[in-house]
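Have a look at the structure below before the remarks.
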Amino acid sequence: MTRTEPPVVALAGPTAAGKTAASLALARALDAEIVSVDSALVYRGMDIGTAKPSFDERTAVPHHLIDIRDPAQSYSAAEFVADARRLADDIRARGKAVVLVGGTMLYFKALFEGLDDMPPADPAVRAAIDAQAAAEGWPAVHAALAAVDPVTAARLAPNDSQRVQRALEVWRVSGRPLSEFHAQGAGAKLGALSPAVFFSLEPADRGWLHERIAARFDTMLDTGFLDEVRALRARGDLSPALPSMRCVGYRQAWEALDGLWPMKELRDRGVAATRQLAKRQLTWLRSMPAREVIACDSSGAVDMLLARAKETLS
């Protein structure tokens with residue numbers, strides 16, 4: 001693969017689509033380093049429930065943006081864009097290609113299209129919104145958002161706590177609705193990085209993905225996922241309101257340990273929530289027409305990916 005400058009290649013896909021194995025093969029073929037595009041992998045101590053690449057995998061190919069935050073901390077799309085751009089520049093300056101891989105589609109969108117210059121997170125404002133939600137429920141917070149930013153409220157589900165919280169936070173910090181920032185246009189965008197090619201692992205048969213999701217959740221339970229969540233709870237400074245504990249699987253495990261429903265339901269609830277996540281990820285991907293789809297349920301998916309990368313980048 002002869003190029004004057006090391007390429008940036010992106011690889012996305014829903015959870016359990018086989019991104020880790022595919023990204024390792026792609027990175028080896030391109031002499032690349034991997035930059036994680038995953039909002040859960042940033043958290044230390046959250047290994048089993050996030051299906052974090054193993055120590056051996058991370059040793060074989062350098063990985064970035066993994067284990068960079070404590071679960072008590074937040075990590076925004078703006079922080080991701082700044083970190084990913086800096087890392088991409090550093091990696092390419094060393095003569096290495098970059099493989100961006102993950103399933104957080106908001107991060108991909110922010111990186112590819114740039115990010116609106118919105119105010120940073122405000123812990124005090126977020127705490128106040130969380131307190132309101134605890135007292136009144138998220139639908140009431142959503143109604144408060146609708147009163148000041150009806151455009152954003154109309155596209156968010158009342159129980160989409162993370163996005164409702166951020167939209168109301170933007171209003172309270174800046175006095176401007178989130179929809180106004182989004183409407184400013186490309187001139188107000190920060191960042192934007194264009195990959196040489198954007199691959200997407202997507203199943204031709206959704207049932208194949210569902211089986212893998214169930215098998216992976218079973219493996220998580222068998223390898224100590226509940227003990228991992230118990231250890232996080234035992235710290236005493238974490239709560240279900242934090243972004244880290246809202247991650248799929250962790251939220252369901254936390255609720256089960258709180259006794260909100262029988263522990264025997266954890267497996268089915270966790271699998272169902274993960275399927276819903278995969279559905280949302282695939283919906284995001286379908287809205288990104290620049291992607292090149294690789295059928296991840298094909299027996300030769302990785303070989304196909306490598307062949308297309310070689311053909312595109314040569």
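By order of appearance in the structure tokens: chains A, B, ..., then residues from 1 within every chain, and ligands from 1 in the order shown.
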Closest atom pairs, residues of region 97-175 of chain A within 12 Å of region 53-71 of chain A, only C-alpha atoms, as CSV:
residue,atom,partner,partner_atom,distance
A:Ala97,CA,A:Pro62,CA,11.5
A:Val98,CA,A:His63,CA,10.2
A:Val99,CA,A:His63,CA,9.5
A:Leu100,CA,A:His64,CA,9.6
A:Val101,CA,A:His63,CA,10.0
A:Gly102,CA,A:Leu65,CA,11.0
For Arg155 (chain A): contacts at 12 Å, only C-alpha atoms, fewer than 3 positions along chain excluded, given as an MDAnalysis selection string:
chainID A and resid 142 145:146 149:152 158:160 163:164 167 178:179
Can you tell me which residues surround Arg291 (chain A) at a distance of at most 9 Å, considering only C-alpha atoms, apart from same-chain residues fewer than 3 positions away, and format the answer as a PDB file with N, CA and C atoms, in the first residue's frame?
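Wrote it out as out_2.pdb, contents follow:
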ATOM      1  N   ALA A  12     -16.525   1.110  11.827  1.00  0.00           N
ATOM      2  CA  ALA A  12     -17.637   1.193  12.774  1.00  0.00           C
ATOM      3  C   ALA A  12     -18.477  -0.069  12.684  1.00  0.00           C
ATOM      4  N   VAL A 197     -11.191   6.106   4.089  1.00  0.00           N
ATOM      5  CA  VAL A 197     -12.308   5.204   3.824  1.00  0.00           C
ATOM      6  C   VAL A 197     -12.988   4.907   5.163  1.00  0.00           C
ATOM      7  N   PHE A 198     -14.295   4.756   5.124  1.00  0.00           N
ATOM      8  CA  PHE A 198     -15.083   4.497   6.316  1.00  0.00           C
ATOM      9  C   PHE A 198     -15.802   3.167   6.129  1.00  0.00           C
ATOM     10  N   PHE A 199     -15.297   2.124   6.778  1.00  0.00           N
ATOM     11  CA  PHE A 199     -15.906   0.802   6.691  1.00  0.00           C
ATOM     12  C   PHE A 199     -16.936   0.626   7.808  1.00  0.00           C
ATOM     13  N   SER A 200     -17.966  -0.139   7.514  1.00  0.00           N
ATOM     14  CA  SER A 200     -19.009  -0.421   8.500  1.00  0.00           C
ATOM     15  C   SER A 200     -19.333  -1.914   8.482  1.00  0.00           C
ATOM     16  N   LEU A 285     -25.830   4.318  11.473  1.00  0.00           N
ATOM     17  CA  LEU A 285     -24.977   3.973  10.338  1.00  0.00           C
ATOM     18  C   LEU A 285     -25.708   4.165   9.013  1.00  0.00           C
ATOM     19  N   ARG A 286     -26.959   3.814   8.983  1.00  0.00           N
ATOM     20  CA  ARG A 286     -27.717   3.978   7.738  1.00  0.00           C
ATOM     21  C   ARG A 286     -27.861   5.442   7.348  1.00  0.00           C
ATOM     22  N   MET A 288     -25.403   7.474   7.437  1.00  0.00           N
ATOM     23  CA  MET A 288     -24.056   7.912   7.048  1.00  0.00           C
ATOM     24  C   MET A 288     -23.719   7.288   5.695  1.00  0.00           C
TER      25      MET A 288
END
Region 25-32 of chain A environment, 10 Å, only C-alpha atoms, sequence neighbours closer than 4 positions dropped, as number ranges by chain
A: 1, 6-9, 11, 19-21, 60-63, 91-92, 95-100, 302-303, 305-307, 309-310, 313
For N, CA and C atoms, I'd like the residues from the last selection saved as a tab-separated table (two decimals), in the first residue's frame.
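That gives us again-v4.tsv:
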chain	number	residue	atom	x	y	z
A	1	MET	N	0.84	-1.18	0.00
A	1	MET	CA	0.00	0.00	0.00
A	1	MET	C	0.88	1.24	0.00
A	6	PRO	N	0.57	8.47	5.67
A	6	PRO	CA	-0.18	7.36	6.28
A	6	PRO	C	-1.67	7.69	6.33
A	7	PRO	N	-2.51	6.74	5.98
A	7	PRO	CA	-3.96	7.01	5.92
A	7	PRO	C	-4.64	6.93	7.28
A	8	VAL	N	-5.81	7.53	7.34
A	8	VAL	CA	-6.73	7.35	8.46
A	8	VAL	C	-7.90	6.52	7.93
A	9	VAL	N	-8.13	5.38	8.56
A	9	VAL	CA	-9.21	4.49	8.15
A	9	VAL	C	-10.16	4.33	9.33
A	11	LEU	N	-13.49	2.30	11.10
A	11	LEU	CA	-14.21	1.03	11.13
A	11	LEU	C	-15.27	1.10	12.23
A	19	LYS	N	-15.82	-6.07	15.71
A	19	LYS	CA	-14.95	-4.94	15.41
A	19	LYS	C	-13.52	-5.14	15.95
A	20	THR	N	-13.39	-5.75	17.13
A	20	THR	CA	-12.06	-5.88	17.73
A	20	THR	C	-11.15	-6.72	16.86
A	21	ALA	N	-11.61	-7.91	16.49
A	21	ALA	CA	-10.78	-8.79	15.67
A	21	ALA	C	-10.50	-8.16	14.30
A	60	ALA	N	-0.31	-6.21	21.26
A	60	ALA	CA	0.01	-6.55	19.87
A	60	ALA	C	-0.06	-5.33	18.96
A	61	VAL	N	-1.06	-4.47	19.20
A	61	VAL	CA	-1.24	-3.24	18.42
A	61	VAL	C	-1.52	-2.11	19.41
A	62	PRO	N	-0.78	-1.00	19.34
A	62	PRO	CA	-1.05	0.11	20.28
A	62	PRO	C	-2.49	0.61	20.15
A	63	HIS	N	-3.15	0.77	21.30
A	63	HIS	CA	-4.51	1.30	21.37
A	63	HIS	C	-4.51	2.61	22.14
A	91	ILE	N	0.27	10.09	15.60
A	91	ILE	CA	0.52	8.76	15.04
A	91	ILE	C	1.04	8.86	13.61
A	92	ARG	N	0.43	9.70	12.81
A	92	ARG	CA	0.86	9.86	11.41
A	92	ARG	C	2.23	10.52	11.33
A	95	GLY	N	4.83	8.10	11.20
A	95	GLY	CA	4.83	7.25	10.03
A	95	GLY	C	3.87	6.09	10.07
A	96	LYS	N	2.95	6.10	11.03
A	96	LYS	CA	1.99	5.02	11.18
A	96	LYS	C	0.62	5.45	10.66
A	97	ALA	N	-0.14	4.49	10.16
A	97	ALA	CA	-1.52	4.75	9.78
A	97	ALA	C	-2.38	4.76	11.05
A	98	VAL	N	-3.62	5.22	10.90
A	98	VAL	CA	-4.56	5.31	12.03
A	98	VAL	C	-5.81	4.53	11.69
A	99	VAL	N	-6.22	3.66	12.60
A	99	VAL	CA	-7.50	2.97	12.48
A	99	VAL	C	-8.40	3.45	13.60
A	100	LEU	N	-9.46	4.15	13.23
A	100	LEU	CA	-10.49	4.60	14.18
A	100	LEU	C	-11.53	3.50	14.27
A	302	VAL	N	-13.47	-10.59	7.41
A	302	VAL	CA	-12.20	-9.91	7.64
A	302	VAL	C	-11.36	-9.89	6.37
A	303	ASP	N	-11.33	-10.99	5.65
A	303	ASP	CA	-10.59	-11.03	4.38
A	303	ASP	C	-11.16	-10.01	3.40
A	305	LEU	N	-12.71	-7.24	4.18
A	305	LEU	CA	-12.32	-5.93	4.69
A	305	LEU	C	-10.90	-5.59	4.27
A	306	LEU	N	-9.98	-6.53	4.45
A	306	LEU	CA	-8.58	-6.28	4.11
A	306	LEU	C	-8.40	-6.08	2.60
A	307	ALA	N	-9.13	-6.85	1.82
A	307	ALA	CA	-9.02	-6.72	0.36
A	307	ALA	C	-9.53	-5.35	-0.08
A	309	ALA	N	-9.68	-2.64	1.76
A	309	ALA	CA	-8.75	-1.61	2.23
A	309	ALA	C	-7.55	-1.52	1.30
A	310	LYS	N	-7.02	-2.64	0.91
A	310	LYS	CA	-5.86	-2.65	0.00
A	310	LYS	C	-6.21	-2.01	-1.33
A	313	LEU	N	-6.81	1.90	-0.82
A	313	LEU	CA	-5.67	2.71	-0.39
A	313	LEU	C	-4.44	2.61	-1.28
Identify, on the basis of only C-alpha atoms, every residue whose closest approach to Ala84 (chain A) does not exceed 10 Å; exclude the query and any residue fewer than 2 positions from it along the same chain; express the result as a ChimeraX atom specification.
/A:35-37,64-65,78-82,86-90,100,107,111,191,193
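Minimum atom-to-atom distance to Thr4 (chain A), evaluated using only C-alpha atoms, belongs to A:Ser314 out of A:Lys52, A:Trp171, A:Ser314, A:Leu226.
Distances to Gly13 (chain A) were evaluated for A:Ala278, A:Ile213, A:Met263, A:Leu232 using only C-alpha atoms, and the minimum falls at A:Ala278.
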Pick out each residue of region 17-266 of chain A that DSSP on the backbone tags as helix (DSSP H, G or I); I need them as a PyMOL selection string.
chain A and resi 19-30+55-60+77-93+105-113+123-136+138-148+150-155+161-174+178-182+186-188+206-222+225-234+244-246+250-257+263-266
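Taking CA of Glu169 (chain A) and CA of Val148 (chain A) as the two end points, the separation is 11.3 Å.
Proximity to Tyr250 (chain A) at 10 Å, evaluated using only C-alpha atoms and with sequence-adjacent residues fewer than 6 positions away removed, yields Met46, Gly49, Thr50, Phe225, Leu226, Glu228, Val229, Leu232, Pro240, Ser244, Ala256 and Gly270 of chain A.
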Just to be explicit: take each residue in the selection above, keep N, CA, C and O atoms, and write the result as an mmCIF file, in the first residue's frame.
data_model
loop_
_atom_site.group_PDB
_atom_site.id
_atom_site.type_symbol
_atom_site.label_atom_id
_atom_site.label_comp_id
_atom_site.auth_asym_id
_atom_site.auth_seq_id
_atom_site.Cartn_x
_atom_site.Cartn_y
_atom_site.Cartn_z
ATOM 1 N N MET A 46 -13.840 -0.882 34.115
ATOM 2 C CA MET A 46 -15.022 -1.373 33.419
ATOM 3 C C MET A 46 -14.545 -2.183 32.218
ATOM 4 O O MET A 46 -14.511 -1.701 31.087
ATOM 5 N N GLY A 49 -17.806 -5.791 31.250
ATOM 6 C CA GLY A 49 -19.070 -5.335 30.680
ATOM 7 C C GLY A 49 -18.946 -4.527 29.414
ATOM 8 O O GLY A 49 -19.930 -4.337 28.694
ATOM 9 N N THR A 50 -17.747 -4.029 29.119
ATOM 10 C CA THR A 50 -17.530 -3.265 27.885
ATOM 11 C C THR A 50 -16.868 -4.102 26.796
ATOM 12 O O THR A 50 -16.640 -3.593 25.694
ATOM 13 N N PHE A 225 -18.854 -10.501 35.562
ATOM 14 C CA PHE A 225 -19.390 -9.155 35.336
ATOM 15 C C PHE A 225 -20.061 -8.599 36.593
ATOM 16 O O PHE A 225 -19.865 -7.434 36.954
ATOM 17 N N LEU A 226 -20.855 -9.420 37.276
ATOM 18 C CA LEU A 226 -21.533 -8.926 38.474
ATOM 19 C C LEU A 226 -20.534 -8.527 39.559
ATOM 20 O O LEU A 226 -20.747 -7.534 40.271
ATOM 21 N N GLU A 228 -17.634 -7.332 38.978
ATOM 22 C CA GLU A 228 -17.084 -6.061 38.525
ATOM 23 C C GLU A 228 -18.007 -4.908 38.930
ATOM 24 O O GLU A 228 -17.540 -3.868 39.424
ATOM 25 N N VAL A 229 -19.320 -5.095 38.743
ATOM 26 C CA VAL A 229 -20.269 -4.048 39.106
ATOM 27 C C VAL A 229 -20.321 -3.884 40.631
ATOM 28 O O VAL A 229 -20.407 -2.761 41.137
ATOM 29 N N LEU A 232 -17.494 -1.707 41.671
ATOM 30 C CA LEU A 232 -17.753 -0.301 41.350
ATOM 31 C C LEU A 232 -18.724 0.312 42.362
ATOM 32 O O LEU A 232 -18.529 1.447 42.813
ATOM 33 N N PRO A 240 -26.166 5.510 39.523
ATOM 34 C CA PRO A 240 -26.739 5.219 38.198
ATOM 35 C C PRO A 240 -26.905 6.451 37.321
ATOM 36 O O PRO A 240 -27.149 6.320 36.118
ATOM 37 N N SER A 244 -20.996 6.761 33.016
ATOM 38 C CA SER A 244 -20.351 5.443 33.035
ATOM 39 C C SER A 244 -21.336 4.355 33.437
ATOM 40 O O SER A 244 -21.354 3.260 32.850
ATOM 41 N N ALA A 256 -30.480 -4.448 39.182
ATOM 42 C CA ALA A 256 -30.711 -5.765 39.773
ATOM 43 C C ALA A 256 -30.130 -5.835 41.178
ATOM 44 O O ALA A 256 -30.761 -6.365 42.106
ATOM 45 N N GLY A 270 -30.495 -7.560 30.156
ATOM 46 C CA GLY A 270 -29.232 -7.097 29.585
ATOM 47 C C GLY A 270 -29.143 -7.371 28.097
ATOM 48 O O GLY A 270 -28.699 -6.516 27.320
#
As a ChimeraX atom specification, list the residues of region 106-296 of chain A assigned to strand (DSSP E) by DSSP on the backbone atoms of this structure.
/A:115-116,189-190,197-202,292-295
I need the residues from that last selection saved to file as a tab-separated table (two decimals), in the first residue's frame (with all heavy atoms), if you can.
chain	number	residue	atom	x	y	z
A	115	LEU	N	-17.77	19.74	15.19
A	115	LEU	CA	-18.62	19.85	16.36
A	115	LEU	C	-19.04	21.29	16.58
A	115	LEU	O	-18.24	22.21	16.42
A	115	LEU	CB	-17.83	19.35	17.58
A	115	LEU	CG	-18.62	18.91	18.80
A	115	LEU	CD1	-19.47	17.68	18.48
A	115	LEU	CD2	-17.68	18.60	19.95
A	116	ASP	N	-20.29	21.48	16.94
A	116	ASP	CA	-20.76	22.82	17.26
A	116	ASP	C	-20.01	23.35	18.49
A	116	ASP	O	-19.73	22.61	19.43
A	116	ASP	CB	-22.26	22.79	17.56
A	116	ASP	CG	-23.07	22.32	16.36
A	116	ASP	OD1	-23.09	23.04	15.36
A	116	ASP	OD2	-23.65	21.24	16.43
A	189	LYS	N	-18.43	25.05	13.00
A	189	LYS	CA	-17.95	23.73	13.38
A	189	LYS	C	-16.49	23.76	13.82
A	189	LYS	O	-15.68	24.51	13.29
A	189	LYS	CB	-18.11	22.75	12.21
A	189	LYS	CG	-19.54	22.54	11.75
A	189	LYS	CD	-20.35	21.77	12.76
A	189	LYS	CE	-21.73	21.44	12.20
A	189	LYS	NZ	-22.54	20.67	13.15
A	190	LEU	N	-16.20	22.89	14.79
A	190	LEU	CA	-14.83	22.73	15.25
A	190	LEU	C	-14.34	21.36	14.82
A	190	LEU	O	-15.05	20.37	14.93
A	190	LEU	CB	-14.76	22.84	16.78
A	190	LEU	CG	-15.24	24.15	17.40
A	190	LEU	CD1	-15.17	24.03	18.92
A	190	LEU	CD2	-14.39	25.31	16.92
A	197	VAL	N	-11.19	6.11	4.09
A	197	VAL	CA	-12.31	5.20	3.82
A	197	VAL	C	-12.99	4.91	5.16
A	197	VAL	O	-12.34	4.84	6.21
A	197	VAL	CB	-11.83	3.90	3.13
A	197	VAL	CG1	-10.82	3.16	3.99
A	197	VAL	CG2	-13.01	3.00	2.77
A	198	PHE	N	-14.30	4.76	5.12
A	198	PHE	CA	-15.08	4.50	6.32
A	198	PHE	C	-15.80	3.17	6.13
A	198	PHE	O	-16.79	3.07	5.40
A	198	PHE	CB	-16.08	5.64	6.52
A	198	PHE	CG	-17.02	5.46	7.68
A	198	PHE	CD1	-16.66	4.75	8.82
A	198	PHE	CD2	-18.30	6.02	7.65
A	198	PHE	CE1	-17.53	4.60	9.89
A	198	PHE	CE2	-19.18	5.88	8.72
A	198	PHE	CZ	-18.79	5.16	9.83
A	199	PHE	N	-15.30	2.12	6.78
A	199	PHE	CA	-15.91	0.80	6.69
A	199	PHE	C	-16.94	0.63	7.81
A	199	PHE	O	-16.77	1.15	8.91
A	199	PHE	CB	-14.85	-0.30	6.83
A	199	PHE	CG	-13.90	-0.37	5.67
A	199	PHE	CD1	-12.57	-0.02	5.83
A	199	PHE	CD2	-14.32	-0.80	4.42
A	199	PHE	CE1	-11.68	-0.09	4.77
A	199	PHE	CE2	-13.45	-0.87	3.35
A	199	PHE	CZ	-12.12	-0.52	3.52
A	200	SER	N	-17.97	-0.14	7.51
A	200	SER	CA	-19.01	-0.42	8.50
A	200	SER	C	-19.33	-1.91	8.48
A	200	SER	O	-19.71	-2.46	7.45
A	200	SER	CB	-20.27	0.39	8.18
A	200	SER	OG	-21.30	0.09	9.11
A	201	LEU	N	-19.15	-2.56	9.63
A	201	LEU	CA	-19.50	-3.97	9.75
A	201	LEU	C	-20.98	-4.08	10.09
A	201	LEU	O	-21.40	-3.67	11.18
A	201	LEU	CB	-18.66	-4.63	10.85
A	201	LEU	CG	-17.15	-4.67	10.65
A	201	LEU	CD1	-16.46	-5.29	11.86
A	201	LEU	CD2	-16.80	-5.46	9.39
A	202	GLU	N	-21.77	-4.60	9.18
A	202	GLU	CA	-23.21	-4.70	9.38
A	202	GLU	C	-23.69	-6.09	8.96
A	202	GLU	O	-23.28	-6.59	7.92
A	202	GLU	CB	-23.94	-3.62	8.57
A	202	GLU	CG	-23.53	-2.20	8.96
A	202	GLU	CD	-24.16	-1.14	8.09
A	202	GLU	OE1	-25.31	-1.37	7.62
A	202	GLU	OE2	-23.53	-0.09	7.86
A	292	GLU	N	-18.70	2.27	3.68
A	292	GLU	CA	-18.64	1.10	2.81
A	292	GLU	C	-18.96	-0.12	3.66
A	292	GLU	O	-18.23	-0.45	4.60
A	292	GLU	CB	-17.26	0.93	2.17
A	292	GLU	CG	-17.17	-0.29	1.31
A	292	GLU	CD	-15.92	-0.35	0.45
A	292	GLU	OE1	-15.30	0.70	0.25
A	292	GLU	OE2	-15.59	-1.45	-0.03
A	293	VAL	N	-20.07	-0.78	3.36
A	293	VAL	CA	-20.57	-1.86	4.22
A	293	VAL	C	-19.86	-3.17	3.93
A	293	VAL	O	-19.69	-3.57	2.78
A	293	VAL	CB	-22.09	-2.03	4.02
A	293	VAL	CG1	-22.60	-3.22	4.84
A	293	VAL	CG2	-22.82	-0.76	4.43
A	294	ILE	N	-19.42	-3.83	5.01
A	294	ILE	CA	-18.88	-5.18	4.96
A	294	ILE	C	-19.83	-6.07	5.74
A	294	ILE	O	-20.15	-5.78	6.89
A	294	ILE	CB	-17.47	-5.26	5.59
A	294	ILE	CG1	-16.50	-4.30	4.89
A	294	ILE	CG2	-16.96	-6.69	5.57
A	294	ILE	CD1	-16.16	-4.67	3.47
A	295	ALA	N	-20.30	-7.14	5.13
A	295	ALA	CA	-21.24	-8.05	5.81
A	295	ALA	C	-20.49	-8.82	6.88
A	295	ALA	O	-19.74	-9.76	6.58
A	295	ALA	CB	-21.88	-9.00	4.81
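Proximity of A:Ala72, A:His210, A:Leu156, A:Leu24 to Leu238 (chain A), computed with only C-alpha atoms, is greatest for A:Ala72.
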For CA of Thr219 (chain A) and CA of Gly249 (chain A), quote the distance in Å rounded to one decimal.
12.6 Å
Which residue, A:Leu282, A:Cys296, A:Ala110, A:Val141, has the smallest gap to Asp205 (chain A) when you use only C-alpha atoms?
A:Cys296
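Our summary of the geometry notes that CA of Val42 (chain A) is positioned 27.9 Å from CA of Arg206 (chain A).
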